[in-house]
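Engineer: Okay, here's the structure, questions in a sec.
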Amino acid sequence: MLTTSTTRVLEPQELDSALAVLNRDPISNAFVAARVQVAGLDPWRLGGEMWGWYNGGRLESLCYAGANLVPICATPEAVRGFAERARRSGRRCSSIVGPADTTAELWSLLEPSWGPAREVRARQPLMVTASTSADVPPDPRVRRIRKDEMDVIMPACVAMFTEEVGVSPLAGDGGLLYQARVAELVAAGRSFARVENGRVVFKAEIGAATPHACQIQGVWVAPEHRGRGLSETGMAAVLHYALNEIAPVASLYVNDYNTAARAAYRRVGFQEVGAFMSVLF
């Protein structure tokens with residue numbers, strides 16, 4: 001029995017305790033919760049370690065340490081513990097992402113040893129809805145991408161990622177990991193697009209899904225088709241799929257400076273309920 005505050009890697013048999021923490025905020029934690037529900041806590045299957053902050057032997061907070069560093073329900077004491085562990089192990093992630101206040105505190109502790117960051121997005125509004133809007137009709141041409149359409153969807157995914165993150169997902173390993181992730185979403189029936197003449201003009205994915213909530217990501221409109229309202233009708237279509245087939249609540253987070261996207265999402269039915277922060281390396 002642990003009797004003092006400490007941080008350590010969770011054991012696979014602690015799955016129920018980890019899920020209990022994740023379920024305290026099923027909307028904000030959807031990304032990590034979805035991975036844990038599929039892969040458990042084994043680092044090889046999970047794609048990273050799950051760190052736990054224990055106080056008096058009780059698991060209180062988590063931090064996913066994989067391609068992203070993600071603090072979860074982290075108390076100030078837990079943030080300090082996770083920061084110390086991250087400093088000792090060195091930076092292995094490409095980003096830190098999580099609730100804005102918690103992530104800001106974690107980054108303030110890590111910046112002296114991990115900085116400078118390539119970019120810090122200090123406030124990314126978290127938007128949520130449990131219903132579709134009657135004001136925006138779903139685009140009937142938005143549909144699921146088939147497994148034999150990887151060559152159709154990949155160029156749009158690469159363009160979206162490069163535009164959003166600032167680097168190409170094809171760098172490093174030639175895009176093998178990124179292509180595998182896109183293929184995973186296509187195979188799961190969670191990749192959606194409007195295709196015209198063999199080219200994607202709108203796309204989005206349901207990137208994370210649990211019984212409680214799902215997270216929409218990768219929203220993109222081809223540059224030559226922007227300004228025609230495709231993001232609104234397209235999102236309305238994806239949202240219809242999400243709420244009727246995946247989970248009772250859908251969420252997304254968006255850069256605060258993207259006022260056009262935030263307005264479009266509000267028209268579709270989303271409301272801002274909080275904020276995330278991303279530190280990109």
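Residue numbering restarts at 1 for every chain of the structure tokens, chains are lettered A, B, ... in their displayed order, and ligands are numbered from 1 as they appear.
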Per residue of stretch 93-138 of chain A within 12 Å of stretch 164-177 of chain A, which atom pair is closest and at what distance in Å (one decimal), using only C-alpha atoms, listed by chain and increasing number, as a Markdown table?
Structural biologist:
```
| residue | atom | partner | partner_atom | distance |
| --- | --- | --- | --- | --- |
| A:Ser94 | CA | A:Val165 | CA | 10.8 |
| A:Ser95 | CA | A:Val165 | CA | 10.4 |
| A:Arg118 | CA | A:Gly166 | CA | 9.5 |
| A:Glu119 | CA | A:Val165 | CA | 9.2 |
| A:Val120 | CA | A:Val165 | CA | 11.1 |
| A:Arg121 | CA | A:Val165 | CA | 10.7 |
```
Engineer: Keeping only N, CA and C atoms, write the selected residues to a file as an mmCIF file, in the first residue's frame.
Structural biologist:
```
data_model
loop_
_atom_site.group_PDB
_atom_site.id
_atom_site.type_symbol
_atom_site.label_atom_id
_atom_site.label_comp_id
_atom_site.auth_asym_id
_atom_site.auth_seq_id
_atom_site.Cartn_x
_atom_site.Cartn_y
_atom_site.Cartn_z
ATOM 1 N N SER A 94 5.593 14.805 -29.480
ATOM 2 C CA SER A 94 5.584 15.886 -30.466
ATOM 3 C C SER A 94 4.721 17.050 -30.016
ATOM 4 N N SER A 95 3.953 16.846 -28.927
ATOM 5 C CA SER A 95 3.120 17.930 -28.415
ATOM 6 C C SER A 95 2.698 17.638 -26.990
ATOM 7 N N ARG A 118 7.969 24.951 -30.797
ATOM 8 C CA ARG A 118 7.796 25.481 -32.152
ATOM 9 C C ARG A 118 6.612 26.441 -32.199
ATOM 10 N N GLU A 119 5.548 26.096 -31.442
ATOM 11 C CA GLU A 119 4.363 26.955 -31.384
ATOM 12 C C GLU A 119 3.570 26.623 -30.129
ATOM 13 N N VAL A 120 2.997 27.629 -29.512
ATOM 14 C CA VAL A 120 2.120 27.432 -28.363
ATOM 15 C C VAL A 120 0.750 28.006 -28.706
ATOM 16 N N ARG A 121 -0.255 27.167 -28.647
ATOM 17 C CA ARG A 121 -1.632 27.607 -28.879
ATOM 18 C C ARG A 121 -2.320 27.601 -27.514
#
```
Engineer: Where does stretch 62-172 of chain A meet stretch 35-52 of chain A within 10 Å, residue by residue, with the nearest atom pair and distance in Å to one decimal for each, counting only C-alpha atoms, listed by chain and rising number, as CSV?
Structural biologist:
```
residue,atom,partner,partner_atom,distance
A:Leu62,CA,A:Gly52,CA,4.6
A:Cys63,CA,A:Trp51,CA,5.0
A:Tyr64,CA,A:Met50,CA,4.7
A:Ala65,CA,A:Glu49,CA,5.2
A:Gly66,CA,A:Gly48,CA,4.0
A:Ala67,CA,A:Gly48,CA,7.3
A:Asn68,CA,A:Gly48,CA,8.8
A:Leu69,CA,A:Gly48,CA,9.4
A:Val70,CA,A:Met50,CA,9.6
A:Pro71,CA,A:Trp51,CA,9.2
A:Ile72,CA,A:Gly52,CA,9.5
A:Ala74,CA,A:Gly52,CA,9.5
A:Ala78,CA,A:Gly52,CA,8.4
A:Gly81,CA,A:Gly52,CA,9.4
A:Phe82,CA,A:Trp51,CA,7.6
A:Arg85,CA,A:Trp51,CA,9.0
A:Arg92,CA,A:Gly48,CA,10.0
A:Cys93,CA,A:Gly48,CA,9.7
```
Engineer: Please provide the set of residues having any atom within 6 Å of A:Pro138, restricted to only C-alpha atoms, with same-chain residues fewer than 3 positions apart removed, written as a PyMOL selection string.
Structural biologist: chain A and resi 233+236-237
Engineer: Using only C-alpha atoms, which of the listed residues (A:Val142, A:Val238, A:Leu59, A:Ala222) sits closest to A:Arg8?
Structural biologist: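 Counting only C-alpha atoms, the residue closest to A:Arg8 is A:Leu59.
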Engineer: Please list as a list in words every residue within 12 Å of A:Met160, counting only C-alpha atoms and excluding residues in the same chain fewer than 6 positions away.
Structural biologist: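 Here the qualifying residues turn out to be Ile153, Met154, Gly166, Val167, Ser168, Pro169, Val200, Val201, Phe202, Lys203, Ala204, Glu205, Gln217, Gly218, Val219, Trp220, Val221, Ala222 and Pro223 of chain A.
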Engineer: Atom CA of A:Val21 and atom CA of A:His240, how far apart in Å?
Structural biologist: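 It comes out at 29.0 Å.
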Engineer: Do a neighbour search on A:Asn258 at 12 Å with only C-alpha atoms, toss out local chain neighbours closer than 2 positions, and write the hits as a count of residues only.
Structural biologist: 15
Engineer: Write out as a VMD selection string all residues of stretch 53-177 of chain A that DSSP puts in strand (DSSP E or B) for this structure's backbone.
Structural biologist: chain A and resid 53 to 55 58 to 65 68 to 72 95 to 99 119 to 129 143 to 144
Engineer: Do you have the atom CA of A:Met235-atom CA of A:Ser28 distance handy?
Structural biologist: 19.8 Å
Engineer: From the list A:Leu22, A:Ala188, A:Val79, A:Ala30, which residue is nearest A:Ala247 when using only C-alpha atoms?
Structural biologist: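 When distances to A:Ala247 are compared using only C-alpha atoms, the smallest one comes from A:Ala30.
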Engineer: Rounded to one decimal in Å, what is the spacing between atom CA of A:Leu243 and atom CA of A:Tyr257?
Structural biologist: 27.2 Å
Engineer: In stretch 2-246 of chain A, what's helix (DSSP H, G or I) per DSSP? Answer as a PyMOL selection string?
Structural biologist: chain A and resi 12-22+30-39+43-46+76-89+100-114+147-165+176-187+223-225+230-246
Engineer: Just checking: using only C-alpha atoms, which residue out of A:Ala34, A:Cys73, A:Ile96, A:Ile206 ends up closest to A:Leu110?
Structural biologist: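 Among the listed residues, the smallest separation from A:Leu110 belongs to A:Ile96.
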Engineer: With only C-alpha atoms as the basis for distance, which of A:Val136, A:Met277, A:Val195, A:Ala33 is at the shortest distance from A:Leu239?
Structural biologist: A:Val136
Engineer: From the options A:Thr259, A:Asn197, A:Thr129, A:Thr75, which residue's atoms come nearest to A:Ile27, counting only C-alpha atoms?
Structural biologist: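 Ranking A:Thr259, A:Asn197, A:Thr129, A:Thr75 by distance to A:Ile27, first place goes to A:Thr129.
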Engineer: Taking 2 positions as the minimum chain separation for residues in the same chain, which residues sit within 8 Å of A:Arg141 when counting only C-alpha atoms? Answer as a PyMOL selection string.
Structural biologist: chain A and resi 139+143+194-195
Engineer: Between A:Leu252, A:Ala86, A:Ala275, A:Ile246, single out the one closest to A:Phe31, counting only C-alpha atoms.
Structural biologist: A:Leu252
Engineer: Determine, counting only C-alpha atoms, which protein, DNA and RNA residues have an atom within 10 Å of an atom of A:Ala20; residues of the same chain fewer than 5 positions away are not included. Present the result as a PyMOL selection string.
Structural biologist: chain A and resi 15+25-26+59-60
Engineer: Go ahead and write the selection's residues with C-alpha atoms as a PDB file, in the first residue's frame.
Structural biologist:
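The result, written out as part_19.pdb:
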```pdb
ATOM      1  CA  LEU A  15      -7.450  -0.531 -15.833  1.00  0.00           C
ATOM      2  CA  ASP A  25     -14.705  14.162 -17.521  1.00  0.00           C
ATOM      3  CA  PRO A  26     -15.682  11.903 -20.433  1.00  0.00           C
ATOM      4  CA  LEU A  59      -5.102   7.054  -7.876  1.00  0.00           C
ATOM      5  CA  GLU A  60      -6.134  10.712  -8.326  1.00  0.00           C
TER       6      GLU A  60
END
```
